[in-house]
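The structure appears below as structure tokens.
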Amino acid sequence: METLSFRLSASTRAGGTRMQAIVGVVASGNLEVLLERAAPADSCMIDITTAAHGFGAVWEAVVRDFVDRRPAGGLRISINDGGARPDTVALRLAQGVRKIEEPER
Amino acid sequence: MSDWGMQKAALGERLAAGQRHANGKVVPIPSLPAFLKSVIRSGDRVCLEGDNQKQADILASSLANLDPAEISDLHMVQSGIVLPSHLDIFEKGIARRLDFSYSGPQSARIARMLFGGKIELGAVHTYLELFARYFIDLTPNVALIAAVSADKDGNLYTGPNTEDTPTVVEATSYKNGLVVAQVTEIVDKVPRVDIPGDLVHFVVEAGRPFYVEPLFTRDPAAITETQILTAMLAIKGIYAPYGVRRLNHGIGFNTAAIELLLPTYGEKLGLKGKVCTHFALNPHPTLIPAIEAGWVEQIHSFGSEVGMEDYVAARPDVFFTGPDGSLRSNRAFCQTAGLYACDMFIGSTLQIDLEGHSSTVTTSRIAGFGGAPNMGSDPRGRRHPSEPWLKAGAEAAPGSDAALRRGRKLVVQIGETFGERNAPLFVERLDALELASALKLDLAPVMVYSDDVTHIVTEEGIANLLMCRDKDEREQAIRGVAGYTDIGRARDPKLVEKLRARGVIRRPEDLGIDPLDADRRLLAARSIKDLMLASGGLYRPPSRFRNW
């Protein structure tokens with residue numbers, strides 16, 4: 001297991017009022033993403049535990065693009081990764097932000 | 001005086017030798033080893049029928065059981081190296097030289113044997129190219145073929161999997177070569193005559209059907225959201241603007257996703273009747289929902305597909321069928337149709353380099369070509385216009401005289417930026433080059449050449465290479481859709497944004513596609529069972545795909 005942590009400044013605060021959301025599953029080639037509204041509104045904290053070693057630069061590129069393109073301010077994001085490909089990671093992160101924006105049912 | 005009948009005389013000798021083990025044209029199974037030994041000569045050029053689908057498997061194992069002390073130095077000229085016995089023939093020293101096209105399941109072993117010097121390689125061909133050489137300089141002395149049934153006169157019924165048989169028989173029999181067919185059974189009257197009996201010299205009653213690989217079945221359950229996204233991009237960003245009606249699809253999951261999105265996403269875009277009406281394509285199970293929804297007017301097939309026989313027979317308005325009701329496939333004709341009468345080829349690959357060359361070769365595997373390089377190439381002999389062909393030609397050379405401008409076939413490579421085991425789709429240097437230098441080949445095995453490919457589709461977007469004006473633009477267009485691969489991360493962001501502004505690169509958002517809409521619920525069928533239900537029970541999936 002490898003752990004990675006990123007503290008990034010985020011220009012847009014995550015929408016909605018939900019306190020947390022979870023998307024994906026821990027499985028081979030997949031990942032689980034837990035999003036919590038537990039960071040300062042102008043930053044995004046991302047902690048990753050991954051089964052695949054040596055992909056730090058790719059993770060950094062993926063999470064930087066994510067915070068640039070999606071409203072992620074105020075979120076603490078924990079990722080449990082089962083060796084997912086970068087496109088899957090980007091998709092799950094985007095799904096997570098959409099989910100935390102949804103009204104509570 | 002010259003003797004102009006030496007080949008005819010040689011055939012006469014083979015016929016007489018074979019006759020001693022046969023009853024008329026029928027060779028009983030126990031006599032098969034002695035029969036083969038009597039009709040095959042050392043040094044013969046032998047076509048053992050087999051491609052990526054059907055296999056003359058009984059004849060293959062009998063050939064592999066010959067004694068190399070008696071028969072050796074055969075030159076095998078065949079579409080597929082697929083069964084273990086195909087390589088046993090070389091391992092044992094019965095055959096030495098090989099010209100072939102496809103080697104999917106044997107790709108690792110054939111590579112080892114080429115490195116080990118067990119096989120003397122002529123060339124790796126496309127199907128159509130190898131067929132062409134059957135008539136010029138690789139004409140078989142003996143063809144060992146497969147059919148469903150025969151009558152005592154040798155008339156053959158091949159059933160839906162006719163595939164290569166007419167081509168192999170034409171080249172062999174009309175040049176005084178010997179044709180031997182394995183059949184499931186001998187019958188009084190065949191359901192239809194696929195091969196006339198006077199071209200077939202002997203038949204072997206195998207007592208069981210020849211082997212067929214269900215190569216074109218893709219389980220919708222395994223299609224990922226990213227593949228769905230690439231399919232949405234292709235449909236909205238290529239099929240729709242070019243109005244692609246005549247096309248061929250590869251066998252990957254991305255094109256399976258496209259087939260399953262036609263009745264849902266395609267319908268929503270109002271594309272029914274405007275795209276995907278005519279195919280050169282095997283009966284893909286994943287096309288069933290689109291056929292049932294009335295999208296497809298006509299399909300010509302290279303071969304059949306296991307389990308699709310009853311469905312095809314029940315849809316004769318769409319498929320080519322014989323008087324017996326079953327599919328008539330023909331690989332040579334369908335490859336020709338895919339080359340000349342289709343406006344687009346779209347398929348997946350393993351590696352794409354910075355120029356746009358693509359290859360399915362890795363350093364330890366040689367999968368061969370099959371038909372993709374033929375269909376995935378721009379036919380220079382084409383003369384008939386069509387809207388997509390003209391539009392692509394105009395994009396490639398906007399300043400030229402329209403009446404003198406060649407059109408262009410759309411050749412689209414589609415895939416995710418990272419493939420299986422996180423292997424990047426985009427590379428600095430193709431593994432095919434290492435392989436070519438290790439094996440001292442004159443040519444690196446390239447599936448689709450850079451100057452044929454027109455578009456690359458990944459989850460990051462579409463690169464239109466027709467609109468690139470120089471090598472630099474082309475490289476950045478490729479880097480610009482290469483995602484988080486090393487190639488993608490080393491892009492020049494400014495030039496990529498310029499290309500995007502010109503529409504050379506189009507992102508999902510440029511096409512009004514939200515990646516979050518790429519949901520499995522968009523698939524018209526989400527499992528093999530759904531496909532079976534969509535066919536009204538006519539599709540009978542092979543047991544390995546029945547997971548319920």
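Residues are named by chain letter and number: chains run A, B, ... in the order of the structure tokens, numbers start at 1 in each chain, and ligands are numbered from 1 in the order shown.
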
(Q) Which residues are near Met467 in chain B? Cut-off 12 Å, only C-alpha atoms, ignore same chain within fewer than 6 positions. Put them as JSON, numbers by chain. (A) {"B": [391, 392, 393, 394, 395, 396, 397, 398, 453, 454, 455, 473, 474, 477, 499, 500, 502, 503, 504, 505]}

(Q) Show me, as a VMD selection string, every residue of chain B with an atom at most 10 Å from chain A, counting only C-alpha atoms. (A) chain B and resid 224 to 226 416 to 424 458 to 460 483 to 486 489 515 to 518

Resulting file, chosen residues, N, CA and C atoms, as a short mmCIF file (atom, residue, chain, number, x, y, z; two decimals), in the first residue's frame:
data_model
loop_
_atom_site.label_atom_id
_atom_site.label_comp_id
_atom_site.auth_asym_id
_atom_site.auth_seq_id
_atom_site.Cartn_x
_atom_site.Cartn_y
_atom_site.Cartn_z
N THR B 224 -17.41 -0.62 -19.54
CA THR B 224 -17.20 0.37 -18.46
C THR B 224 -17.80 1.73 -18.83
N GLU B 225 -17.92 2.59 -17.81
CA GLU B 225 -18.44 3.94 -18.04
C GLU B 225 -17.52 4.71 -18.99
N THR B 226 -16.21 4.50 -18.87
CA THR B 226 -15.28 5.22 -19.76
C THR B 226 -15.49 4.78 -21.20
N GLU B 416 -9.45 3.68 -24.45
CA GLU B 416 -9.17 4.43 -23.24
C GLU B 416 -7.67 4.71 -23.20
N THR B 417 -7.30 5.80 -22.54
CA THR B 417 -5.89 6.19 -22.54
C THR B 417 -5.01 5.15 -21.84
N PHE B 418 -5.60 4.43 -20.87
CA PHE B 418 -4.88 3.32 -20.25
C PHE B 418 -5.67 2.04 -20.50
N GLY B 419 -4.98 1.01 -20.93
CA GLY B 419 -5.65 -0.25 -21.21
C GLY B 419 -5.52 -1.22 -20.06
N GLU B 420 -5.56 -2.51 -20.39
CA GLU B 420 -5.45 -3.54 -19.36
C GLU B 420 -4.15 -3.41 -18.59
N ARG B 421 -4.23 -3.72 -17.32
CA ARG B 421 -3.08 -3.62 -16.40
C ARG B 421 -2.41 -2.24 -16.48
N ASN B 422 -3.25 -1.22 -16.69
CA ASN B 422 -2.77 0.16 -16.71
C ASN B 422 -1.69 0.44 -17.76
N ALA B 423 -1.67 -0.35 -18.82
CA ALA B 423 -0.71 -0.10 -19.90
C ALA B 423 -1.18 1.10 -20.71
N PRO B 424 -0.29 2.09 -20.92
CA PRO B 424 -0.71 3.29 -21.67
C PRO B 424 -0.96 2.97 -23.14
N THR B 458 -10.50 9.13 -27.44
CA THR B 458 -10.31 8.62 -26.08
C THR B 458 -11.33 9.30 -25.19
N GLU B 459 -11.30 8.94 -23.89
CA GLU B 459 -12.23 9.59 -22.97
C GLU B 459 -11.95 11.09 -22.86
N GLU B 460 -10.75 11.52 -23.26
CA GLU B 460 -10.43 12.94 -23.15
C GLU B 460 -10.95 13.74 -24.33
N GLY B 483 -4.64 11.91 -22.41
CA GLY B 483 -4.98 11.82 -20.99
C GLY B 483 -3.76 11.94 -20.08
N TYR B 484 -3.73 11.11 -19.06
CA TYR B 484 -2.68 11.18 -18.05
C TYR B 484 -1.51 10.23 -18.35
N THR B 485 -1.42 9.74 -19.56
CA THR B 485 -0.23 8.95 -19.92
C THR B 485 0.97 9.90 -19.96
N ASP B 486 2.19 9.35 -19.97
CA ASP B 486 3.39 10.20 -20.07
C ASP B 486 3.30 11.09 -21.30
N ARG B 489 0.79 13.92 -20.61
CA ARG B 489 1.23 14.94 -19.65
C ARG B 489 2.36 15.79 -20.20
N PRO B 515 -19.51 14.02 -19.07
CA PRO B 515 -18.98 12.68 -18.77
C PRO B 515 -19.80 11.95 -17.70
N LEU B 516 -20.48 12.71 -16.84
CA LEU B 516 -21.27 12.06 -15.80
C LEU B 516 -22.53 11.40 -16.36
N ASP B 517 -22.88 11.72 -17.61
CA ASP B 517 -24.02 11.03 -18.24
C ASP B 517 -23.62 9.68 -18.81
N ALA B 518 -22.32 9.39 -18.83
CA ALA B 518 -21.85 8.11 -19.37
C ALA B 518 -22.14 7.02 -18.34
#

Q: Please identify all polymer residues within 9 Å of range 316-327 of chain B, counting only C-alpha atoms, omitting same-chain residues fewer than 3 positions from it, and present them as a PyMOL selection string.
A: chain B and resi 159-162+191-192+283+291+296-301+303-304+309-310+312-313

Q.
Set the distance at 12 Å and use only C-alpha atoms: which residues neighbour Ala27 in chain A once local chain neighbours fewer than 5 positions away are removed? I'd like the list as a VMD selection string.
A. chain A and resid 32 50 to 51 80 to 84

Only C-alpha atoms, please: the residues just picked out, written as a compact mmCIF listing (two decimals), in the first residue's frame.
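Final output, saved to part.txt:
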# COMPACT_ATOMS: atom_id res chain seq x y z
CA GLU A 32 -14.04 4.21 -3.27
CA THR A 50 -3.60 2.87 -3.20
CA ALA A 51 -2.68 -0.70 -4.04
CA ASN A 80 -9.38 3.84 -1.22
CA ASP A 81 -7.93 2.72 -4.54
CA GLY A 82 -7.81 -0.78 -5.98
CA GLY A 83 -5.53 0.10 -8.89
CA ALA A 84 -8.07 2.13 -10.88

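Shortest atom-to-atom contact with Ser43 in chain A among A:Ile22, A:Val63, A:Ala72, A:Met1: A:Ala72, counting only C-alpha atoms.
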
Q.
Can you tell me which residues surround Pro214 in chain B at a distance of at most 9 Å, considering only C-alpha atoms, apart from same-chain residues fewer than 3 positions away, and format the answer as number ranges by chain?
A. B: 53, 217, 304-307, 542

Can you write just those residues out, N, CA and C atoms, as a tab-separated table (two decimals), in the first residue's frame?
chain	number	residue	atom	x	y	z
B	53	GLN	N	-12.11	-17.61	-36.76
B	53	GLN	CA	-13.36	-18.24	-36.37
B	53	GLN	C	-13.30	-19.76	-36.56
B	217	THR	N	-18.26	-12.04	-29.75
B	217	THR	CA	-19.23	-11.86	-28.67
B	217	THR	C	-18.60	-11.03	-27.56
B	304	SER	N	-19.75	-16.28	-39.47
B	304	SER	CA	-20.94	-16.20	-38.63
B	304	SER	C	-20.49	-15.88	-37.21
B	305	GLU	N	-21.34	-16.08	-36.23
B	305	GLU	CA	-20.94	-15.97	-34.84
B	305	GLU	C	-21.72	-17.03	-34.07
B	306	VAL	N	-21.00	-17.76	-33.20
B	306	VAL	CA	-21.62	-18.87	-32.48
B	306	VAL	C	-22.87	-18.40	-31.74
B	307	GLY	N	-23.98	-19.06	-31.95
B	307	GLY	CA	-25.22	-18.75	-31.24
B	307	GLY	C	-26.14	-17.80	-31.98
B	542	PRO	N	-23.33	-19.08	-26.36
B	542	PRO	CA	-22.56	-20.25	-25.96
B	542	PRO	C	-22.49	-20.33	-24.43

Q: Name the residues of range 223-293 of chain B that fall into helix (DSSP H, G or I) according to DSSP on the backbone, using the chain letters and numbers of this document, as a PyMOL selection string.
A: chain B and resi 225-242+253-268+285-292
